[in-house]
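Asker: Just run36.csv, nothing more (CSV, C-alpha atoms):
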```
chain,number,residue,atom,x,y,z
A,1,MET,CA,-154.1,61.8,19.8
A,2,SER,CA,-155.6,64.1,22.3
A,3,THR,CA,-159.3,64.5,22.7
A,4,THR,CA,-161.6,67.2,24.0
A,5,THR,CA,-164.4,66.8,26.4
A,6,PRO,CA,-167.6,65.7,24.7
A,7,THR,CA,-171.0,67.5,25.3
A,8,THR,CA,-172.5,64.2,26.5
A,9,ASN,CA,-171.5,61.4,28.8
A,10,ASN,CA,-172.9,58.8,26.4
A,11,ILE,CA,-169.9,58.7,24.1
A,12,LYS,CA,-166.4,57.4,24.8
A,13,TRP,CA,-163.1,57.7,22.9
A,14,HIS,CA,-162.5,54.5,21.0
A,15,ASN,CA,-158.8,53.5,20.7
A,16,THR,CA,-157.9,51.9,17.4
A,17,THR,CA,-155.5,49.0,16.8
A,18,VAL,CA,-153.5,51.0,14.2
A,19,SER,CA,-151.7,53.8,16.1
A,20,GLN,CA,-150.5,57.2,15.0
A,21,ASP,CA,-146.9,55.8,15.2
A,22,ASP,CA,-147.9,53.0,12.8
A,23,ARG,CA,-149.3,55.5,10.3
A,24,TRP,CA,-146.4,57.8,10.5
A,25,LYS,CA,-143.9,55.0,10.0
A,26,ILE,CA,-145.8,53.7,6.9
A,27,GLY,CA,-145.5,57.2,5.4
A,28,GLY,CA,-141.9,57.7,6.4
A,29,HIS,CA,-142.6,61.1,8.1
A,30,ARG,CA,-144.6,62.8,10.8
A,31,GLY,CA,-148.0,64.3,10.1
A,32,ALA,CA,-148.2,68.0,10.8
A,33,VAL,CA,-150.5,71.0,10.7
A,34,ILE,CA,-149.1,74.0,8.8
A,35,TRP,CA,-151.3,77.0,9.5
A,36,LEU,CA,-150.8,80.0,7.2
A,37,THR,CA,-152.5,83.2,8.3
A,38,GLY,CA,-152.5,86.7,7.0
A,39,LEU,CA,-154.7,89.3,5.3
A,40,SER,CA,-156.6,88.6,2.1
A,41,GLY,CA,-154.2,89.1,-0.7
A,42,SER,CA,-151.1,88.4,1.4
A,43,GLY,CA,-150.3,85.3,-0.6
A,44,LYS,CA,-151.3,82.5,1.8
A,45,SER,CA,-153.0,80.3,-0.8
A,46,SER,CA,-150.2,80.9,-3.4
A,47,VAL,CA,-147.5,80.0,-0.9
A,48,ALA,CA,-149.4,77.0,0.4
A,49,ASN,CA,-149.9,75.7,-3.1
A,50,ALA,CA,-146.3,76.1,-4.0
A,51,VAL,CA,-145.2,74.4,-0.7
A,52,GLU,CA,-147.5,71.5,-1.3
A,53,SER,CA,-146.1,71.1,-4.9
A,54,ILE,CA,-142.5,71.0,-3.7
A,55,LEU,CA,-143.2,68.7,-0.8
A,56,SER,CA,-145.3,66.3,-2.8
A,57,HIS,CA,-143.3,66.2,-6.1
A,58,LYS,CA,-139.8,66.8,-5.0
A,59,TYR,CA,-139.7,65.1,-1.6
A,60,LYS,CA,-142.6,62.6,-2.0
A,61,ILE,CA,-144.3,63.8,1.2
A,62,ARG,CA,-147.9,63.1,1.7
A,63,THR,CA,-149.7,66.4,1.7
A,64,TYR,CA,-153.1,68.0,1.5
A,65,LEU,CA,-154.1,71.7,1.2
A,66,LEU,CA,-157.2,73.1,2.9
A,67,ASP,CA,-157.8,76.4,1.2
A,68,GLY,CA,-159.9,79.0,3.0
A,69,ASP,CA,-162.2,79.6,-0.1
A,70,ASN,CA,-162.4,75.9,-1.0
A,71,ILE,CA,-163.6,74.7,2.4
A,72,ARG,CA,-166.5,77.1,2.2
A,73,HIS,CA,-167.8,75.2,-0.8
A,74,GLY,CA,-168.5,72.2,1.5
A,75,LEU,CA,-167.3,71.8,5.0
A,76,CYS,CA,-168.1,75.4,6.0
A,77,GLN,CA,-170.7,76.3,3.3
A,78,ASP,CA,-173.2,77.2,6.0
A,79,LEU,CA,-171.0,79.8,7.6
A,80,GLY,CA,-170.8,83.5,7.0
A,81,PHE,CA,-168.2,86.1,8.1
A,82,SER,CA,-169.5,87.2,11.5
A,83,GLU,CA,-167.1,86.8,14.4
A,84,ASN,CA,-168.9,83.7,15.6
A,85,ASP,CA,-168.9,82.2,12.1
A,86,ARG,CA,-165.2,82.9,11.6
A,87,THR,CA,-164.5,81.2,14.9
A,88,GLU,CA,-166.5,78.1,14.0
A,89,ASN,CA,-164.9,78.1,10.5
A,90,VAL,CA,-161.4,78.0,12.1
A,91,ARG,CA,-162.5,75.3,14.6
A,92,ARG,CA,-163.8,73.0,11.9
A,93,VAL,CA,-160.7,73.4,9.8
A,94,GLY,CA,-158.5,72.9,12.8
A,95,GLN,CA,-160.3,69.6,13.7
A,96,VAL,CA,-160.0,68.3,10.2
A,97,SER,CA,-156.4,69.3,10.0
A,98,LYS,CA,-155.7,67.5,13.3
A,99,LEU,CA,-157.3,64.3,12.0
A,100,MET,CA,-155.4,64.4,8.8
A,101,ALA,CA,-152.1,65.1,10.5
A,102,ASP,CA,-152.8,62.2,12.9
A,103,SER,CA,-153.1,60.0,9.8
A,104,GLY,CA,-149.7,61.0,8.6
A,105,VAL,CA,-150.5,63.8,6.2
A,106,VAL,CA,-148.7,67.1,6.2
A,107,THR,CA,-151.8,69.3,6.2
A,108,LEU,CA,-151.6,72.9,5.0
A,109,ALA,CA,-154.4,75.2,6.1
A,110,ALA,CA,-154.5,78.6,4.4
A,111,LEU,CA,-157.0,80.9,6.0
A,112,VAL,CA,-157.2,84.5,7.0
A,113,SER,CA,-158.2,83.3,10.5
A,114,PRO,CA,-158.1,86.8,11.9
A,115,TYR,CA,-158.5,86.2,15.6
A,116,ARG,CA,-155.5,85.2,17.7
A,117,SER,CA,-157.6,83.2,20.2
A,118,ASP,CA,-159.1,81.0,17.5
A,119,ARG,CA,-155.6,80.1,16.1
A,120,ASP,CA,-154.3,79.5,19.7
A,121,ASN,CA,-157.3,77.2,20.3
A,122,VAL,CA,-156.4,75.2,17.2
A,123,ARG,CA,-152.8,74.9,18.4
A,124,LYS,CA,-153.9,73.7,21.8
A,125,SER,CA,-156.2,71.1,20.2
A,126,VAL,CA,-153.4,69.8,17.9
A,127,GLU,CA,-150.6,69.8,20.4
A,128,GLY,CA,-152.7,68.4,23.2
A,129,GLU,CA,-150.8,68.5,26.5
A,130,HIS,CA,-147.6,69.8,24.9
A,131,LYS,CA,-147.3,73.4,25.7
A,132,HIS,CA,-146.4,76.1,23.1
A,133,GLU,CA,-143.2,77.7,24.5
A,134,ASN,CA,-143.1,81.4,23.8
A,135,ASN,CA,-139.4,81.6,22.8
A,136,ASP,CA,-137.7,84.5,21.1
A,137,VAL,CA,-138.5,84.7,17.4
A,138,THR,CA,-135.6,84.9,15.0
A,139,SER,CA,-135.4,87.2,12.0
A,140,SER,CA,-137.2,84.7,9.9
A,141,GLY,CA,-139.8,84.2,12.6
A,142,ASP,CA,-138.5,80.8,13.9
A,143,ASN,CA,-139.2,80.6,17.6
A,144,ASN,CA,-137.3,77.3,17.8
A,145,ASN,CA,-140.2,75.6,19.4
A,146,ASN,CA,-138.7,72.2,20.2
A,147,ASN,CA,-142.0,70.7,21.3
A,148,ASN,CA,-142.8,69.9,17.7
A,149,ASN,CA,-140.3,67.0,17.9
A,150,ASN,CA,-141.6,65.5,21.2
A,151,ASN,CA,-142.6,61.9,20.9
A,152,ASN,CA,-146.0,61.6,19.2
A,153,SER,CA,-147.1,65.2,19.4
A,154,ILE,CA,-148.4,66.6,16.1
A,155,PRO,CA,-146.3,69.5,15.0
A,156,PHE,CA,-148.3,72.7,14.7
A,157,ILE,CA,-146.5,75.3,12.6
A,158,GLU,CA,-148.1,78.7,12.5
A,159,ILE,CA,-146.8,80.8,9.6
A,160,TYR,CA,-147.6,84.5,9.4
A,161,VAL,CA,-147.7,85.6,5.7
A,162,ASN,CA,-146.9,89.2,6.4
A,163,ALA,CA,-148.0,91.7,3.9
A,164,SER,CA,-149.2,95.2,4.8
A,165,LEU,CA,-152.7,96.3,4.1
A,166,GLN,CA,-151.3,98.7,1.5
A,167,THR,CA,-149.6,95.8,-0.3
A,168,CYS,CA,-152.7,93.6,-0.1
A,169,GLU,CA,-155.0,96.3,-1.3
A,170,GLY,CA,-152.7,97.1,-4.1
A,171,ARG,CA,-152.8,93.5,-5.3
A,172,ASP,CA,-156.5,92.9,-4.7
A,173,PRO,CA,-156.6,89.8,-6.9
A,174,LYS,CA,-160.3,89.2,-6.3
A,175,GLY,CA,-161.4,92.8,-6.2
A,176,LEU,CA,-162.7,92.4,-2.7
A,177,TYR,CA,-160.9,95.4,-1.1
A,178,LYS,CA,-162.5,97.7,-3.7
A,179,LEU,CA,-165.9,96.3,-2.9
A,180,ALA,CA,-165.2,96.6,0.8
A,181,ARG,CA,-164.2,100.2,0.4
A,182,GLU,CA,-167.4,100.9,-1.5
A,183,GLY,CA,-169.4,99.3,1.4
A,184,LYS,CA,-170.6,96.5,-0.8
A,185,ILE,CA,-168.9,93.8,1.4
A,186,LYS,CA,-169.3,94.0,5.2
A,187,ASN,CA,-167.1,92.4,7.9
A,188,PHE,CA,-164.0,92.4,5.6
A,189,THR,CA,-160.8,91.8,7.5
A,190,GLY,CA,-158.5,94.8,7.4
A,191,ILE,CA,-161.2,97.3,6.5
A,192,ASP,CA,-164.1,97.0,9.0
A,193,ASP,CA,-163.0,93.9,10.8
A,194,PRO,CA,-159.7,93.5,12.7
A,195,TYR,CA,-156.8,91.3,12.0
A,196,GLU,CA,-154.7,90.2,15.1
A,197,GLU,CA,-151.1,89.4,14.1
A,198,PRO,CA,-149.6,86.3,15.6
A,199,THR,CA,-147.4,87.0,18.6
A,200,SER,CA,-145.0,84.0,18.3
A,201,PRO,CA,-145.4,82.2,15.0
A,202,GLU,CA,-142.9,79.6,13.9
A,203,LEU,CA,-142.2,81.5,10.8
A,204,ILE,CA,-142.8,85.0,9.5
A,205,LEU,CA,-142.8,85.3,5.7
A,206,ASP,CA,-142.0,88.7,4.2
A,207,SER,CA,-144.6,88.8,1.5
A,208,ASN,CA,-144.1,92.5,0.9
A,209,THR,CA,-140.8,92.0,-0.8
A,210,LYS,CA,-140.2,88.3,-1.5
A,211,SER,CA,-141.5,86.2,-4.4
A,212,ILE,CA,-143.9,83.2,-3.9
A,213,GLU,CA,-141.0,80.9,-4.9
A,214,GLU,CA,-138.7,82.3,-2.3
A,215,LEU,CA,-141.3,82.1,0.4
A,216,ALA,CA,-142.2,78.5,-0.5
A,217,GLU,CA,-138.5,77.4,-0.3
A,218,GLU,CA,-138.1,79.1,3.0
A,219,THR,CA,-141.2,77.3,4.3
A,220,CYS,CA,-140.2,73.9,3.0
A,221,SER,CA,-136.8,74.1,4.6
A,222,TYR,CA,-138.5,74.7,8.0
A,223,ILE,CA,-141.1,72.0,7.5
A,224,LEU,CA,-138.8,69.2,6.4
A,225,ASP,CA,-136.8,69.4,9.6
A,226,LYS,CA,-140.0,69.3,11.8
A,227,ILE,CA,-141.5,66.2,10.1
A,228,LYS,CA,-138.5,63.8,10.5
A,229,LEU,CA,-139.3,60.7,12.5
```
Is it possible to give me this structure as C-alpha cells?

Answerer:
Amino acid sequence: MSTTTPTTNNIKWHNTTVSQDDRWKIGGHRGAVIWLTGLSGSGKSSVANAVESILSHKYKIRTYLLDGDNIRHGLCQDLGFSENDRTENVRRVGQVSKLMADSGVVTLAALVSPYRSDRDNVRKSVEGEHKHENNDVTSSGDNNNNNNNNNNSIPFIEIYVNASLQTCEGRDPKGLYKLAREGKIKNFTGIDDPYEEPTSPELILDSNTKSIEELAEETCSYILDKIKL
C-alpha cells in the first residue's frame, strides 16, 4: 500500500505482518475503490446501493458503501460546501476508501465530487505508482485500463453517472434544485458551482434513459472482472 509524505519527520510507516495479499486471499477477491461521480439527482447513491446489494447478496463479495450524505453525519460533519471544503471532503473519503480496499473490501463511494483534480488525486493515492493510462473510452465508457490488474495495485474504478442538468432538476428528489434556484442554497453544483465531467472514466452510465437496475447490472459486470485474484 502506497503512502504519502507526512508533514513531520517524526513518524514512519509501520509495515504489518499481515499483508494486503493475505487479506485479499482470505476474502477471495481483490479490494477496490469504486468512485461514482455525477450531479445531485443523477442516481449515484441509488446505483451504488443496488450494486452493493448485488455484489453482497448474489456474489458474496465483501462491500461497503460510503454515501456522500451519510459521511457528512460523522467523518466530514465539520465541512461545508466551499471549494476548499469539497476538496477536503473528497480527500478524506478517498483515504478511507483506500484503507478499506487495502483490507479487501470493495468500497463504493458515491459523491458529487465536482472537481476533476480532486478525483484525480484520489486515483493517484489509491493506485500509487501505477499510472492511469488514458486509453480510448468505449461506448460504455470502459477505457480498458489494464493497470487495475497489476500485482497488488488497488483497482480504482471511476464511474460517471451521466444525467443532464435538466434530467436531475426534473427529478429533484430532495428539493435542492428548487431551493438553489430560489437562492436559498449557495454553492450548489450545476447551478452556481461548476461540475467538471471526467475525461476518461472506466465507465459512463447513461442515467438519462436507463433504469437503476440496468445501470447496476452494467456496473457489476465491470467490477467482477476487475476484482479477480

Asker: Taking all atoms listed in the file into account, which of A:Val126, A:Cys220, A:Leu108, A:Leu229 comes nearest Ser153 (chain A)?

Answerer: A:Val126

Asker: What is the distance, in Å and to one decimal place, between CA of Cys76 (chain A) and CA of Arg23 (chain A)?

Answerer: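 Interatomic distance here is 27.7 Å.
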
Asker: Calculate how many Å separate CA of Thr209 (chain A) from CA of Ser164 (chain A), rounding to one decimal.

Answerer: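 CA of Thr209 (chain A) sits 10.6 Å away from CA of Ser164 (chain A).
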
Asker: Using only C-alpha atoms, which of A:Glu52, A:Tyr59, A:Leu176, A:Ile157 sits nearest Gly190 (chain A)?

Answerer: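 Result for the nearest residue to Gly190 (chain A): A:Leu176.
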
Asker: Nearest to Ala109 (chain A): which of A:Ile61, A:Ala163, A:Ala180, A:Val33 is it, counting only C-alpha atoms?

Answerer: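 Nearest candidate to Ala109 (chain A) out of A:Ile61, A:Ala163, A:Ala180, A:Val33: A:Val33.
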
Asker: Hey, which of A:Gly170, A:Pro201, A:Gly175, A:Gly28 ends up closest to Lys60 (chain A)? Count only C-alpha atoms.

Answerer: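 Nearest candidate to Lys60 (chain A) out of A:Gly170, A:Pro201, A:Gly175, A:Gly28: A:Gly28.
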